[in-house]
>>> print(open('target_17.txt').read())   # compact mmCIF, C-alpha atoms and all ligand atoms
# COMPACT_ATOMS: atom_id res chain seq x y z
CA MET A 1 33.87 -26.70 122.64
CA ALA A 2 33.54 -30.51 122.93
CA ILE A 3 37.28 -30.85 123.55
CA GLU A 4 37.23 -28.10 126.17
CA SER A 5 34.39 -29.73 128.12
CA ALA A 6 36.05 -33.15 127.85
CA LEU A 7 39.31 -31.82 129.24
CA GLY A 8 37.58 -29.84 131.96
CA GLU A 9 40.08 -27.96 134.11
CA SER A 10 42.71 -30.67 134.01
CA VAL A 11 44.95 -28.91 131.46
CA VAL A 12 45.98 -25.34 130.76
CA LEU A 13 46.15 -24.29 127.14
CA THR A 14 48.46 -21.48 126.09
CA ARG A 15 50.89 -20.47 123.37
CA THR A 16 54.66 -20.91 123.44
CA ASP A 17 54.94 -17.20 122.73
CA LYS A 18 52.97 -16.35 125.89
CA VAL A 19 54.99 -18.70 128.11
CA LEU A 20 58.32 -17.42 126.79
CA GLY A 21 57.18 -13.82 127.22
CA TRP A 22 56.07 -14.51 130.78
CA ALA A 23 59.39 -16.19 131.63
CA ARG A 24 61.49 -13.50 129.99
CA LYS A 25 59.72 -10.56 131.58
CA TYR A 26 60.37 -11.94 135.08
CA SER A 27 64.03 -12.81 134.51
CA LEU A 28 65.62 -9.53 133.50
CA PHE A 29 69.39 -9.33 133.77
CA LEU A 30 70.33 -5.66 133.79
CA TYR A 31 73.63 -4.24 132.65
CA PRO A 32 73.78 -0.90 134.50
CA PHE A 33 75.76 1.53 132.29
CA VAL A 34 76.01 4.19 134.99
CA THR A 35 77.85 7.42 134.30
CA ALA A 36 76.43 10.21 136.47
CA CYS A 37 74.08 11.41 139.22
CA CYS A 38 71.09 9.30 138.12
CA GLY A 39 73.12 6.38 139.44
CA MET A 40 72.14 7.32 143.00
CA GLU A 41 68.48 6.93 142.12
CA TYR A 42 69.17 3.63 140.37
CA MET A 43 70.77 2.34 143.59
CA ALA A 44 67.88 3.67 145.68
CA THR A 45 65.41 1.83 143.45
CA ALA A 46 67.42 -1.38 143.56
CA ALA A 47 67.71 -1.36 147.37
CA SER A 48 65.28 -3.00 149.75
CA HIS A 49 62.72 -0.20 150.13
CA TYR A 50 61.65 -0.28 146.45
CA ASP A 51 63.16 -3.70 145.73
CA ILE A 52 63.31 -4.32 141.98
CA ASP A 53 63.78 -8.01 142.81
CA ARG A 54 59.98 -8.11 143.00
CA PHE A 55 60.01 -7.64 139.23
CA GLY A 56 62.68 -10.26 138.59
CA ALA A 57 65.21 -7.54 137.83
CA GLY A 58 67.33 -7.53 140.97
CA LEU A 59 70.49 -9.20 139.71
CA PRO A 60 72.75 -6.83 137.73
CA ARG A 61 75.28 -8.40 135.39
CA PHE A 62 78.48 -6.54 134.60
CA SER A 63 79.23 -8.48 131.47
CA PRO A 64 77.16 -7.58 128.39
CA ARG A 65 77.25 -11.24 127.37
CA GLN A 66 75.26 -12.17 130.48
CA ALA A 67 72.78 -9.29 130.29
CA ASP A 68 69.59 -8.78 128.30
CA VAL A 69 68.60 -5.25 129.40
CA LEU A 70 71.00 -2.36 128.90
CA PHE A 71 70.12 0.19 131.59
CA VAL A 72 71.74 3.46 130.51
CA VAL A 73 71.87 5.70 133.58
CA GLY A 74 73.35 9.20 133.38
CA THR A 75 74.87 11.67 130.99
CA ILE A 76 76.52 10.20 127.90
CA SER A 77 79.29 12.21 126.30
CA HIS A 78 80.28 11.84 122.65
CA LYS A 79 83.52 10.30 123.87
CA GLN A 80 81.56 7.55 125.66
CA ALA A 81 79.17 6.93 122.75
CA PRO A 82 81.34 4.32 120.94
CA ILE A 83 81.76 2.41 124.23
CA LEU A 84 78.00 2.33 124.80
CA LYS A 85 77.47 1.10 121.23
CA ARG A 86 80.12 -1.60 121.72
CA VAL A 87 78.48 -2.85 124.94
CA TRP A 88 75.09 -3.03 123.17
CA GLU A 89 76.62 -4.93 120.25
CA GLN A 90 78.13 -7.48 122.63
CA MET A 91 74.75 -8.36 124.16
CA CYS A 92 72.93 -11.43 122.82
CA GLU A 93 69.41 -11.33 121.37
CA PRO A 94 66.79 -10.87 122.62
CA LYS A 95 67.89 -7.61 124.26
CA TRP A 96 66.30 -4.37 125.32
CA VAL A 97 67.46 -0.85 126.17
CA VAL A 98 66.14 1.49 128.85
CA ALA A 99 67.00 5.21 128.85
CA PHE A 100 67.08 6.19 132.53
CA GLY A 101 66.75 9.92 133.21
CA GLY A 102 66.55 13.12 131.21
CA CYS A 103 70.17 13.01 130.06
CA THR A 104 69.77 9.65 128.34
CA CYS A 105 66.35 10.57 126.91
CA SER A 106 67.34 13.92 125.39
CA GLY A 107 70.62 15.25 126.81
CA GLY A 108 68.78 16.67 129.84
CA PRO A 109 70.17 19.98 131.07
CA TYR A 110 73.32 19.57 128.97
CA ASP A 111 72.56 21.13 125.62
CA ASN A 112 76.20 21.43 124.62
CA TYR A 113 78.84 20.17 122.20
CA ALA A 114 80.08 17.40 124.51
CA THR A 115 76.81 15.63 125.36
CA VAL A 116 74.83 13.12 123.31
CA GLN A 117 71.31 14.53 122.84
CA GLY A 118 69.52 11.26 123.54
CA ILE A 119 70.99 7.75 123.46
CA ASP A 120 68.51 6.73 120.76
CA THR A 121 70.95 8.40 118.36
CA ILE A 122 73.38 5.55 119.24
CA VAL A 123 71.29 2.49 120.17
CA PRO A 124 67.58 1.61 119.83
CA VAL A 125 65.63 2.45 123.00
CA ASP A 126 62.64 0.41 124.20
CA VAL A 127 61.58 2.44 127.25
CA TYR A 128 62.27 6.06 128.21
CA ILE A 129 62.20 6.99 131.91
CA PRO A 130 62.01 10.79 132.25
CA GLY A 131 63.13 12.87 135.23
CA CYS A 132 66.22 14.58 136.57
CA PRO A 133 66.63 12.22 138.27
CA PRO A 134 63.52 10.06 137.97
CA ARG A 135 61.89 9.06 141.24
CA PRO A 136 61.99 5.36 142.11
CA GLU A 137 58.25 5.06 141.38
CA THR A 138 58.92 6.32 137.84
CA VAL A 139 61.71 3.77 137.45
CA LEU A 140 59.41 0.96 138.58
CA ASP A 141 56.79 2.19 136.12
CA GLY A 142 59.45 2.00 133.38
CA ILE A 143 60.30 -1.58 134.34
CA ILE A 144 56.60 -2.54 134.25
CA LYS A 145 56.29 -0.95 130.79
CA LEU A 146 59.32 -2.96 129.63
CA GLN A 147 57.72 -6.14 131.01
CA GLU A 148 54.52 -5.42 129.08
CA LYS A 149 56.54 -4.89 125.92
CA ILE A 150 58.43 -8.16 126.42
CA GLN A 151 55.22 -10.08 127.14
CA ASN A 152 53.48 -8.80 124.02
CA GLN A 153 56.28 -9.01 121.49
CA LYS A 154 56.89 -11.95 119.17
CA GLN A 155 59.28 -14.29 120.97
CA GLU A 156 62.28 -15.49 118.99
CA LEU A 157 63.56 -18.95 119.99
S1 LIG B 1 69.07 13.45 134.26
FE1 LIG B 1 69.70 14.89 135.92
S2 LIG B 1 70.19 13.55 137.65
FE2 LIG B 1 70.19 12.26 135.80
S3 LIG B 1 72.33 12.22 135.09
FE3 LIG B 1 71.27 13.90 134.03
S4 LIG B 1 71.70 15.73 135.28
FE4 LIG B 1 72.11 13.91 136.56
>>> encode(input="target_17.txt", output="structure tokens")
Amino acid sequence: MAIESALGESVVLTRTDKVLGWARKYSLFLYPFVTACCGMEYMATAASHYDIDRFGAGLPRFSPRQADVLFVVGTISHKQAPILKRVWEQMCEPKWVVAFGGCTCSGGPYDNYATVQGIDTIVPVDVYIPGCPPRPETVLDGIIKLQEKIQNQKQEL
């Protein structure tokens, strides 16, 4: 208490973990793995009306080595599954995965032999965004949930 009153409001005390979390959650570099109709809604969310730049997520990277959020958007077939896994493996830590739309969450309307019944059978998923397709507000909610997760997790240096 004595130190706090001596310092007054001249310094801000925080933890490295908190600062890193804050910086990371507002500098998301998405790799959009877009395969199907949900892609239209991804583009609508990224455009100026909804503007995911407000969340620090407006700059997609098309190299997994430059991305930290794998945004899986659309139906994933079993033939595509090894490619998705390879892209995820090529991303550096720390990295996160978002399942965008019903198909990525659970196979969506495609309960058949060709479709992966949820991408969490291939890669670990941090946030699920339901909907066929999800509305932009739902996508923004998913991004906010990812930011909360990033802020609160233990930050590896
Ligand atoms: S969830 Fe619906 S809109 Fe999205 S890729 Fe699947 S079928 Fe298309």
>>> residues_near_point(input="target_17.txt", point="(70.5, 16.3, 120.8)", cutoff="7 Å", atoms="only C-alpha atoms", output="ChimeraX atom specification")
/A:106-107,116-118
>>> atom_distance(input="target_17.txt", atom1="CA of Phe100 in chain A", atom2="atom S3 of ligand LIG 1 (chain B)")
8.4 Å
>>> atom_distance(input="target_17.txt", atom1="CA of Val69 in chain A", atom2="CA of Leu28 in chain A")
6.6 Å
>>> atom_distance(input="target_17.txt", atom1="CA of Ala47 in chain A", atom2="CA of Glu137 in chain A")
12.9 Å
>>> residues_near_ligand(input="target_17.txt", ligand="ligand LIG 1 (chain B)", cutoff="8 Å", atoms="all atoms listed in the file", output="JSON, numbers by chain")
{"A": [35, 36, 37, 38, 39, 73, 74, 75, 100, 101, 102, 103, 104, 107, 108, 109, 110, 130, 131, 132, 133, 134]}
>>> closest_residue(input="target_17.txt", among="A:Val98, A:Leu157, A:Val139, A:Ile76", to="Arg24 in chain A", atoms="all atoms listed in the file")
A:Leu157
>>> residues_around(input="target_17.txt", residues="Pro82 in chain A", least_positions_apart="5", cutoff="12 Å", atoms="only C-alpha atoms", output="MDAnalysis selection string")
chainID A and resid 76:77 87:89 116 119 121:123
>>> residues_around(input="target_17.txt", residues="Glu156 in chain A", least_positions_apart="5", cutoff="12 Å", atoms="only C-alpha atoms", output="list in words")
Thr16, Asp17, Lys18, Leu20, Gly21, Arg24, Glu93, Pro94, Lys95 and Ile150 of chain A
>>> write_last_selection(input="target_17.txt", atoms="C-alpha atoms", output="tab-separated table (two decimals), in the frame of the given file")
chain	number	residue	atom	x	y	z
A	16	THR	CA	54.66	-20.91	123.44
A	17	ASP	CA	54.94	-17.20	122.73
A	18	LYS	CA	52.97	-16.35	125.89
A	20	LEU	CA	58.32	-17.42	126.79
A	21	GLY	CA	57.18	-13.82	127.22
A	24	ARG	CA	61.49	-13.50	129.99
A	93	GLU	CA	69.41	-11.33	121.37
A	94	PRO	CA	66.79	-10.87	122.62
A	95	LYS	CA	67.89	-7.61	124.26
A	150	ILE	CA	58.43	-8.16	126.42
>>> closest_residue(input="target_17.txt", among="A:Leu70, A:Leu59, A:Ile143, A:Met91", to="Val125 in chain A", atoms="all atoms listed in the file")
A:Leu70
>>> residues_around(input="target_17.txt", residues="Tyr26 in chain A", least_positions_apart="3", cutoff="7 Å", atoms="all atoms listed in the file", output="VMD selection string")
chain A and resid 22 to 23 55 to 56
>>> closest_residue(input="target_17.txt", among="A:Ala81, A:Met43, A:Leu140, A:Val19", to="Thr115 in chain A", atoms="all atoms listed in the file")
A:Ala81
>>> residues_around(input="target_17.txt", residues="Gly58 in chain A", least_positions_apart="5", cutoff="9 Å", atoms="all atoms listed in the file", output="list in words")
Ser27, Leu28, Phe29, Leu30, Ala46, Ala47, Asp51, Ile52 and Asp53 of chain A
>>> decode(input="target_17.txt", residues="range 21-62 of chain A", atoms="N, CA and C atoms", output="PDB file, in the first residue's frame")
ATOM      1  N   GLY A  21      -1.127 -10.927 -24.036  1.00  0.00           N
ATOM      2  CA  GLY A  21      -2.485 -11.331 -24.413  1.00  0.00           C
ATOM      3  C   GLY A  21      -3.221 -10.201 -25.109  1.00  0.00           C
ATOM      4  N   TRP A  22      -3.093  -9.005 -24.568  1.00  0.00           N
ATOM      5  CA  TRP A  22      -3.746  -7.826 -25.155  1.00  0.00           C
ATOM      6  C   TRP A  22      -3.208  -7.575 -26.567  1.00  0.00           C
ATOM      7  N   ALA A  23      -1.893  -7.655 -26.724  1.00  0.00           N
ATOM      8  CA  ALA A  23      -1.292  -7.401 -28.037  1.00  0.00           C
ATOM      9  C   ALA A  23      -1.695  -8.484 -29.038  1.00  0.00           C
ATOM     10  N   ARG A  24      -1.678  -9.718 -28.575  1.00  0.00           N
ATOM     11  CA  ARG A  24      -1.985 -10.824 -29.496  1.00  0.00           C
ATOM     12  C   ARG A  24      -3.439 -10.816 -29.932  1.00  0.00           C
ATOM     13  N   LYS A  25      -4.332 -10.472 -29.025  1.00  0.00           N
ATOM     14  CA  LYS A  25      -5.756 -10.569 -29.390  1.00  0.00           C
ATOM     15  C   LYS A  25      -6.157  -9.488 -30.391  1.00  0.00           C
ATOM     16  N   TYR A  26      -5.373  -8.402 -30.471  1.00  0.00           N
ATOM     17  CA  TYR A  26      -5.683  -7.347 -31.441  1.00  0.00           C
ATOM     18  C   TYR A  26      -4.769  -7.379 -32.661  1.00  0.00           C
ATOM     19  N   SER A  27      -4.023  -8.452 -32.841  1.00  0.00           N
ATOM     20  CA  SER A  27      -3.208  -8.576 -34.060  1.00  0.00           C
ATOM     21  C   SER A  27      -3.341  -9.997 -34.589  1.00  0.00           C
ATOM     22  N   LEU A  28      -4.559 -10.314 -35.011  1.00  0.00           N
ATOM     23  CA  LEU A  28      -4.845 -11.658 -35.521  1.00  0.00           C
ATOM     24  C   LEU A  28      -4.583 -11.702 -37.021  1.00  0.00           C
ATOM     25  N   PHE A  29      -3.782 -12.667 -37.425  1.00  0.00           N
ATOM     26  CA  PHE A  29      -3.521 -12.839 -38.858  1.00  0.00           C
ATOM     27  C   PHE A  29      -4.207 -14.133 -39.304  1.00  0.00           C
ATOM     28  N   LEU A  30      -5.319 -13.963 -40.011  1.00  0.00           N
ATOM     29  CA  LEU A  30      -6.146 -15.112 -40.378  1.00  0.00           C
ATOM     30  C   LEU A  30      -5.619 -15.781 -41.632  1.00  0.00           C
ATOM     31  N   TYR A  31      -5.665 -17.102 -41.617  1.00  0.00           N
ATOM     32  CA  TYR A  31      -5.480 -17.877 -42.853  1.00  0.00           C
ATOM     33  C   TYR A  31      -6.864 -18.401 -43.215  1.00  0.00           C
ATOM     34  N   PRO A  32      -7.531 -17.813 -44.227  1.00  0.00           N
ATOM     35  CA  PRO A  32      -8.874 -18.290 -44.571  1.00  0.00           C
ATOM     36  C   PRO A  32      -8.795 -19.550 -45.438  1.00  0.00           C
ATOM     37  N   PHE A  33      -9.138 -20.699 -44.846  1.00  0.00           N
ATOM     38  CA  PHE A  33      -9.184 -21.968 -45.587  1.00  0.00           C
ATOM     39  C   PHE A  33     -10.625 -22.111 -46.063  1.00  0.00           C
ATOM     40  N   VAL A  34     -10.913 -21.527 -47.221  1.00  0.00           N
ATOM     41  CA  VAL A  34     -12.306 -21.392 -47.687  1.00  0.00           C
ATOM     42  C   VAL A  34     -12.587 -22.420 -48.766  1.00  0.00           C
ATOM     43  N   THR A  35     -13.638 -23.219 -48.554  1.00  0.00           N
ATOM     44  CA  THR A  35     -13.915 -24.285 -49.517  1.00  0.00           C
ATOM     45  C   THR A  35     -15.321 -24.232 -50.109  1.00  0.00           C
ATOM     46  N   ALA A  36     -16.246 -23.506 -49.497  1.00  0.00           N
ATOM     47  CA  ALA A  36     -17.637 -23.614 -49.968  1.00  0.00           C
ATOM     48  C   ALA A  36     -18.426 -22.345 -49.667  1.00  0.00           C
ATOM     49  N   CYS A  37     -19.754 -22.489 -49.663  1.00  0.00           N
ATOM     50  CA  CYS A  37     -20.668 -21.331 -49.625  1.00  0.00           C
ATOM     51  C   CYS A  37     -20.478 -20.407 -48.435  1.00  0.00           C
ATOM     52  N   CYS A  38     -20.024 -20.892 -47.294  1.00  0.00           N
ATOM     53  CA  CYS A  38     -19.778 -20.024 -46.140  1.00  0.00           C
ATOM     54  C   CYS A  38     -18.784 -18.918 -46.483  1.00  0.00           C
ATOM     55  N   GLY A  39     -18.003 -19.135 -47.529  1.00  0.00           N
ATOM     56  CA  GLY A  39     -17.022 -18.129 -47.942  1.00  0.00           C
ATOM     57  C   GLY A  39     -17.652 -16.784 -48.254  1.00  0.00           C
ATOM     58  N   MET A  40     -18.882 -16.808 -48.795  1.00  0.00           N
ATOM     59  CA  MET A  40     -19.568 -15.550 -49.110  1.00  0.00           C
ATOM     60  C   MET A  40     -19.803 -14.749 -47.830  1.00  0.00           C
ATOM     61  N   GLU A  41     -20.175 -15.464 -46.771  1.00  0.00           N
ATOM     62  CA  GLU A  41     -20.457 -14.775 -45.512  1.00  0.00           C
ATOM     63  C   GLU A  41     -19.166 -14.300 -44.854  1.00  0.00           C
ATOM     64  N   TYR A  42     -18.102 -15.051 -45.061  1.00  0.00           N
ATOM     65  CA  TYR A  42     -16.786 -14.594 -44.560  1.00  0.00           C
ATOM     66  C   TYR A  42     -16.422 -13.269 -45.229  1.00  0.00           C
ATOM     67  N   MET A  43     -16.618 -13.197 -46.550  1.00  0.00           N
ATOM     68  CA  MET A  43     -16.281 -11.965 -47.282  1.00  0.00           C
ATOM     69  C   MET A  43     -17.179 -10.815 -46.845  1.00  0.00           C
ATOM     70  N   ALA A  44     -18.468 -11.118 -46.624  1.00  0.00           N
ATOM     71  CA  ALA A  44     -19.394 -10.072 -46.178  1.00  0.00           C
ATOM     72  C   ALA A  44     -18.962  -9.523 -44.818  1.00  0.00           C
ATOM     73  N   THR A  45     -18.500 -10.411 -43.949  1.00  0.00           N
ATOM     74  CA  THR A  45     -18.072  -9.962 -42.613  1.00  0.00           C
ATOM     75  C   THR A  45     -16.786  -9.150 -42.694  1.00  0.00           C
ATOM     76  N   ALA A  46     -15.917  -9.546 -43.620  1.00  0.00           N
ATOM     77  CA  ALA A  46     -14.629  -8.851 -43.729  1.00  0.00           C
ATOM     78  C   ALA A  46     -14.765  -7.487 -44.400  1.00  0.00           C
ATOM     79  N   ALA A  47     -15.828  -7.269 -45.167  1.00  0.00           N
ATOM     80  CA  ALA A  47     -15.974  -6.022 -45.912  1.00  0.00           C
ATOM     81  C   ALA A  47     -16.366  -4.868 -44.977  1.00  0.00           C
ATOM     82  N   SER A  48     -16.506  -3.692 -45.560  1.00  0.00           N
ATOM     83  CA  SER A  48     -16.559  -2.471 -44.752  1.00  0.00           C
ATOM     84  C   SER A  48     -17.767  -2.382 -43.811  1.00  0.00           C
ATOM     85  N   HIS A  49     -18.912  -2.973 -44.184  1.00  0.00           N
ATOM     86  CA  HIS A  49     -20.092  -2.804 -43.343  1.00  0.00           C
ATOM     87  C   HIS A  49     -19.893  -3.392 -41.938  1.00  0.00           C
ATOM     88  N   TYR A  50     -19.320  -4.598 -41.870  1.00  0.00           N
ATOM     89  CA  TYR A  50     -19.074  -5.235 -40.563  1.00  0.00           C
ATOM     90  C   TYR A  50     -17.641  -5.019 -40.091  1.00  0.00           C
ATOM     91  N   ASP A  51     -16.698  -4.986 -41.049  1.00  0.00           N
ATOM     92  CA  ASP A  51     -15.349  -4.479 -40.804  1.00  0.00           C
ATOM     93  C   ASP A  51     -14.601  -5.189 -39.662  1.00  0.00           C
ATOM     94  N   ILE A  52     -14.071  -6.382 -39.964  1.00  0.00           N
ATOM     95  CA  ILE A  52     -13.343  -7.100 -38.899  1.00  0.00           C
ATOM     96  C   ILE A  52     -11.997  -6.447 -38.581  1.00  0.00           C
ATOM     97  N   ASP A  53     -11.631  -5.418 -39.342  1.00  0.00           N
ATOM     98  CA  ASP A  53     -10.432  -4.642 -38.999  1.00  0.00           C
ATOM     99  C   ASP A  53     -10.566  -4.000 -37.622  1.00  0.00           C
ATOM    100  N   ARG A  54     -11.799  -3.720 -37.209  1.00  0.00           N
ATOM    101  CA  ARG A  54     -12.022  -3.141 -35.879  1.00  0.00           C
ATOM    102  C   ARG A  54     -11.514  -4.055 -34.771  1.00  0.00           C
ATOM    103  N   PHE A  55     -11.398  -5.351 -35.085  1.00  0.00           N
ATOM    104  CA  PHE A  55     -10.957  -6.324 -34.087  1.00  0.00           C
ATOM    105  C   PHE A  55      -9.496  -6.728 -34.313  1.00  0.00           C
ATOM    106  N   GLY A  56      -8.831  -6.007 -35.204  1.00  0.00           N
ATOM    107  CA  GLY A  56      -7.429  -6.324 -35.491  1.00  0.00           C
ATOM    108  C   GLY A  56      -7.274  -7.590 -36.294  1.00  0.00           C
ATOM    109  N   ALA A  57      -8.342  -7.962 -37.043  1.00  0.00           N
ATOM    110  CA  ALA A  57      -8.309  -9.236 -37.763  1.00  0.00           C
ATOM    111  C   ALA A  57      -8.561  -9.042 -39.263  1.00  0.00           C
ATOM    112  N   GLY A  58      -8.233  -7.862 -39.768  1.00  0.00           N
ATOM    113  CA  GLY A  58      -8.619  -7.539 -41.135  1.00  0.00           C
ATOM    114  C   GLY A  58      -7.610  -7.878 -42.214  1.00  0.00           C
ATOM    115  N   LEU A  59      -6.483  -8.461 -41.820  1.00  0.00           N
ATOM    116  CA  LEU A  59      -5.433  -8.695 -42.825  1.00  0.00           C
ATOM    117  C   LEU A  59      -5.192 -10.188 -43.013  1.00  0.00           C
ATOM    118  N   PRO A  60      -5.879 -10.822 -43.992  1.00  0.00           N
ATOM    119  CA  PRO A  60      -5.667 -12.263 -44.180  1.00  0.00           C
ATOM    120  C   PRO A  60      -4.273 -12.549 -44.728  1.00  0.00           C
ATOM    121  N   ARG A  61      -3.721 -13.668 -44.301  1.00  0.00           N
ATOM    122  CA  ARG A  61      -2.416 -14.105 -44.808  1.00  0.00           C
ATOM    123  C   ARG A  61      -2.637 -15.433 -45.524  1.00  0.00           C
ATOM    124  N   PHE A  62      -2.073 -15.572 -46.703  1.00  0.00           N
ATOM    125  CA  PHE A  62      -2.291 -16.802 -47.462  1.00  0.00           C
ATOM    126  C   PHE A  62      -1.081 -17.721 -47.414  1.00  0.00           C
TER     127      PHE A  62
END
